[in-house]
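Here the structure is laid out as structure tokens; the discussion comes afterwards.
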Amino acid sequence: MLTEAETRDNPGIMASHLNAEFRSTPIVWETIVQAHERIRPRIHRTPVLTSATLNALAGAELFFKCENLQKTGSFKIRGATNAIFSLSNEEAERGVVTHSSGNHAAAVACAAGWRGLAAWIVMPKNAPAVKCHAVEAYGGKITFCEPTVTSRAEVAERIEQQTGAVMVHPYDDDRIIAGQATAAKELLEEVPELDAVLAPVSGGGLLSGTCLGAKGQSGTVKVFGCEPERADDAYRSLTSGVLQKQESSDTVADGLRASLAPRTFAILQKLVDGVLLVSEQEIVDAMKRVWERMKIVVEPSSAVAVAPLLRPGGVPALGLTSKRGQQKPRIGIILSGGNVELKN
């Protein structure tokens, strides 16, 4: 068993231990390090913020990794940039295609623009206007589809066949997952002694990456996914042990309406410590709390990772404790994005 000092002083030790125990993905620690080097010149190293008020409400020390302040307004630019800049020149000449409710769409369009590629983007017809406008501003060519998982995949596949473009899947792609892992890597580099990290879960790219990026540096940190009750396929999949599909959802967290893929499901089965479900009202309340107390804009999908911490009883009620004796637990939260339509 590795000691905490060993893992803290040399993250590569824990990474090697993790790699030896988990062989169902080619994503090893070096993959994440290489992804970070590849994307570092093009993305922001986003700040980690704190709030004394939210700490008091949660009964813990909270550290918010602010991917809402990332380029394109979400963590998605990490995976998209890693995937697009990993393409060979021959692949890049064909352009790229993807399907997304918004944040991945904008990230792919932006990263494709950086490399000078054509980008075909399939979006559900109920996608927020602010996200559609962002995709168009980055040069993406939008095709709208029905708001179901099946429709998104079918339309994207048709465009792929018609154009010869390379598919950059929102989450079922090792390059995407490795890129998303860099957010947790940065968080643990800045705040190494965390007891747990919380991240939203939809298709599982961010949560899988968070598991790999966090547990690759700490032998004791726990990682929890957070999911709307109205889009609870990840919770059902991990509880039953059988991958569950969800065709559509009306949750306010529009970025969390996708379902896990076999790739992300396999990673989460091995590494995630649980999934916490939250109600629609809890999502809205958490979003407002962050806006009011931290003076930053987060979208509902980000607030899903905050909501469990602000329930009565806070972090202690979730059973999360500190590994430093009587001190309060130290919890990291990935604020995944800030692309929300502000209406009067």
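Every chain in the structure tokens takes a letter, A first, then B, and so on in the order presented; its residues are numbered from 1, and the ligands are numbered from 1 following the presented order.
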If we count only C-alpha atoms, what is near stretch 139-150 of chain A at a cut-off of 9 Å, once residues fewer than 4 positions away on the same chain are taken out, given as a count of residues only?
32
With only C-alpha atoms as the counted atoms, please give the residues lying no more than 7 Å from A:Leu194, apart from itself and same-chain residues fewer than 3 positions off, as a ChimeraX atom specification.
/A:191,221,330-332
Selected residues written out with N, CA and C atoms, as a tab-separated table (two decimals), in the first residue's frame:
chain	number	residue	atom	x	y	z
A	191	VAL	N	-4.09	22.21	-5.24
A	191	VAL	CA	-4.63	21.86	-3.91
A	191	VAL	C	-4.46	20.36	-3.73
A	221	VAL	N	-7.81	10.24	-2.52
A	221	VAL	CA	-8.91	11.11	-2.92
A	221	VAL	C	-10.08	10.28	-3.48
A	330	ARG	N	-11.84	18.64	2.86
A	330	ARG	CA	-11.43	19.55	1.77
A	330	ARG	C	-11.97	18.94	0.47
A	331	ILE	N	-12.86	19.67	-0.18
A	331	ILE	CA	-13.59	19.13	-1.33
A	331	ILE	C	-13.32	20.00	-2.57
A	332	GLY	N	-12.92	19.36	-3.64
A	332	GLY	CA	-12.77	20.05	-4.92
A	332	GLY	C	-14.03	19.90	-5.75
A:Gly102, A:Gly164, A:Gly313, A:Gly179 ranked by distance to A:Glu30, top pick (using only C-alpha atoms)
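Under the stated criterion, the closest residue is A:Gly179.
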Spatial neighbours of A:Lys343, max dist 12 Å, only C-alpha atoms, sep filter under 5 positions, as number ranges by chain:
A: 128-130
Close residues, A:Val96 itself excluded, 6 Å, only C-alpha atoms, min 2 positions apart in chain, as a count of residues only
4
For the contact check between stretch 131-224 of chain A and stretch 295-307 of chain A, emit one row per residue of stretch 131-224 of chain A within 6 Å, containing the shortest atom pair and the distance in Å rounded to one decimal, counting only C-alpha atoms, chain then rising number order, as a Markdown table.
| residue | atom | partner | partner_atom | distance |
| --- | --- | --- | --- | --- |
| A:Leu198 | CA | A:Ala305 | CA | 5.8 |
| A:Ala199 | CA | A:Ala305 | CA | 5.4 |
| A:Pro200 | CA | A:Ala305 | CA | 5.3 |
Restricting the calculation to only C-alpha atoms, which member of A:Lys131, A:Pro329, A:Leu117, A:Phe265 is positioned closest to A:Glu91?
A:Leu117
Determine which residues of stretch 98-307 of chain A receive a DSSP assignment of alpha helix (DSSP H), computed from the backbone, and state them as a PyMOL selection string.
chain A and resi 103-115+129-137+149-163+174-190+205-215+233-240+262-271+280-294+300-303
Counting only C-alpha atoms, what is within 7 Å of stretch 205-207 of chain A, bar same-chain residues fewer than 6 positions away, as a ChimeraX atom specification?
/A:171,176-177,180-181,199,225,264
Restricting the output to N, CA and C atoms, write the selected residues as a short mmCIF file (atom, residue, chain, number, x, y, z; two decimals), in the first residue's frame.
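Okay, part03.cif is ready:
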data_model
loop_
_atom_site.label_atom_id
_atom_site.label_comp_id
_atom_site.auth_asym_id
_atom_site.auth_seq_id
_atom_site.Cartn_x
_atom_site.Cartn_y
_atom_site.Cartn_z
N TYR A 171 -17.59 12.31 -25.87
CA TYR A 171 -17.04 11.65 -24.68
C TYR A 171 -16.53 10.24 -24.94
N ILE A 176 -10.43 12.64 -25.98
CA ILE A 176 -11.31 13.57 -25.27
C ILE A 176 -11.17 13.38 -23.76
N ILE A 177 -11.24 12.14 -23.31
CA ILE A 177 -11.16 11.85 -21.87
C ILE A 177 -9.82 12.32 -21.30
N GLN A 180 -9.91 16.05 -20.91
CA GLN A 180 -10.73 16.48 -19.76
C GLN A 180 -10.02 16.19 -18.43
N ALA A 181 -9.20 15.16 -18.40
CA ALA A 181 -8.48 14.80 -17.18
C ALA A 181 -7.54 15.90 -16.71
N ALA A 199 -17.75 16.21 -9.67
CA ALA A 199 -17.88 16.69 -11.05
C ALA A 199 -19.23 16.25 -11.60
N GLY A 225 -19.51 11.54 -8.98
CA GLY A 225 -20.27 12.20 -10.03
C GLY A 225 -21.54 12.78 -9.45
N THR A 264 -16.76 5.02 -21.20
CA THR A 264 -16.79 5.78 -19.94
C THR A 264 -17.40 4.94 -18.82
#
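Residues in contact with stretch 269-286 of chain A at 7 Å, where only C-alpha atoms are counted and same-chain residues fewer than 2 positions away are skipped, are listed as Cys211, Lys222, Val223, Phe224, Gly225, Cys226, Glu227, Pro228, Glu229, Tyr235, Leu238, Thr251, Val252, Phe265, Ala266, Ile267, Lys288, Arg289, Val290, Pro300, Ala303, Val304, Val306, Ala307 and Pro308 of chain A.
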Once you have the residues from the selection above, write them out as a PDB file, in the first residue's frame, restricted to C-alpha atoms.
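Written file, out_7.pdb:
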ATOM      1  CA  CYS A 211     -11.183  10.000 -11.876  1.00  0.00           C
ATOM      2  CA  LYS A 222     -12.487  10.055  -3.661  1.00  0.00           C
ATOM      3  CA  VAL A 223     -14.319  11.108  -6.801  1.00  0.00           C
ATOM      4  CA  PHE A 224     -18.090  11.487  -7.043  1.00  0.00           C
ATOM      5  CA  GLY A 225     -20.267  12.199 -10.029  1.00  0.00           C
ATOM      6  CA  CYS A 226     -23.285  14.471  -9.660  1.00  0.00           C
ATOM      7  CA  GLU A 227     -26.369  14.000 -11.808  1.00  0.00           C
ATOM      8  CA  PRO A 228     -29.917  15.392 -12.140  1.00  0.00           C
ATOM      9  CA  GLU A 229     -32.687  13.114 -10.912  1.00  0.00           C
ATOM     10  CA  TYR A 235     -26.622   6.396 -11.374  1.00  0.00           C
ATOM     11  CA  LEU A 238     -23.512   2.031 -11.881  1.00  0.00           C
ATOM     12  CA  THR A 251     -33.709  18.666 -16.950  1.00  0.00           C
ATOM     13  CA  VAL A 252     -32.686  22.329 -16.672  1.00  0.00           C
ATOM     14  CA  PHE A 265     -18.979   3.235 -18.139  1.00  0.00           C
ATOM     15  CA  ALA A 266     -16.022   0.844 -17.871  1.00  0.00           C
ATOM     16  CA  ILE A 267     -13.775   3.538 -16.405  1.00  0.00           C
ATOM     17  CA  LYS A 288     -28.099  31.166  -7.644  1.00  0.00           C
ATOM     18  CA  ARG A 289     -25.923  30.682  -4.545  1.00  0.00           C
ATOM     19  CA  VAL A 290     -22.766  30.615  -6.658  1.00  0.00           C
ATOM     20  CA  PRO A 300     -27.083  24.667 -14.405  1.00  0.00           C
ATOM     21  CA  ALA A 303     -24.441  23.774 -10.316  1.00  0.00           C
ATOM     22  CA  VAL A 304     -25.255  20.056 -10.265  1.00  0.00           C
ATOM     23  CA  VAL A 306     -22.434  22.115  -6.038  1.00  0.00           C
ATOM     24  CA  ALA A 307     -25.994  21.200  -5.069  1.00  0.00           C
ATOM     25  CA  PRO A 308     -25.255  18.110  -2.905  1.00  0.00           C
TER      26      PRO A 308
END
Go ahead and compute the interatomic distance for atom CA of A:Leu256 and atom CA of A:Asp195, in Å to one decimal.
25.0 Å
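Comparing A:Glu61, A:Val28, A:Asp173, A:Gly314 by their smallest distance to A:Lys215, the closest is A:Val28 (using only C-alpha atoms).
Nearest-residue note for A:Gly79: choosing from A:Gly209, A:Pro192, A:Pro41, A:Gly337, the minimum distance belongs to A:Gly209, counting only C-alpha atoms.
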Smallest atom-to-atom distance to A:Trp29: which of A:Ala178, A:Ile84, A:Met294, A:Val168, using only C-alpha atoms?
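Between A:Ala178, A:Ile84, A:Met294, A:Val168, the residue approaching A:Trp29 most closely is A:Ala178.
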Check the smallest atom-to-atom distance from each of A:Val315, A:Val48, A:Val201, A:Ala80 to A:Glu67 using only C-alpha atoms, then report the winner.
A:Val48
Have a look at atom CA of A:Leu57 and atom CA of A:Leu187 and let me know their distance in Å, one decimal.
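About the pair atom CA of A:Leu57 and atom CA of A:Leu187: they are 22.0 Å apart.
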Give me, as a PyMOL selection string, the residues of stretch 128-228 of chain A that a backbone DSSP run labels strand (DSSP E).
chain A and resi 141-145+166-167+196-200+222-228
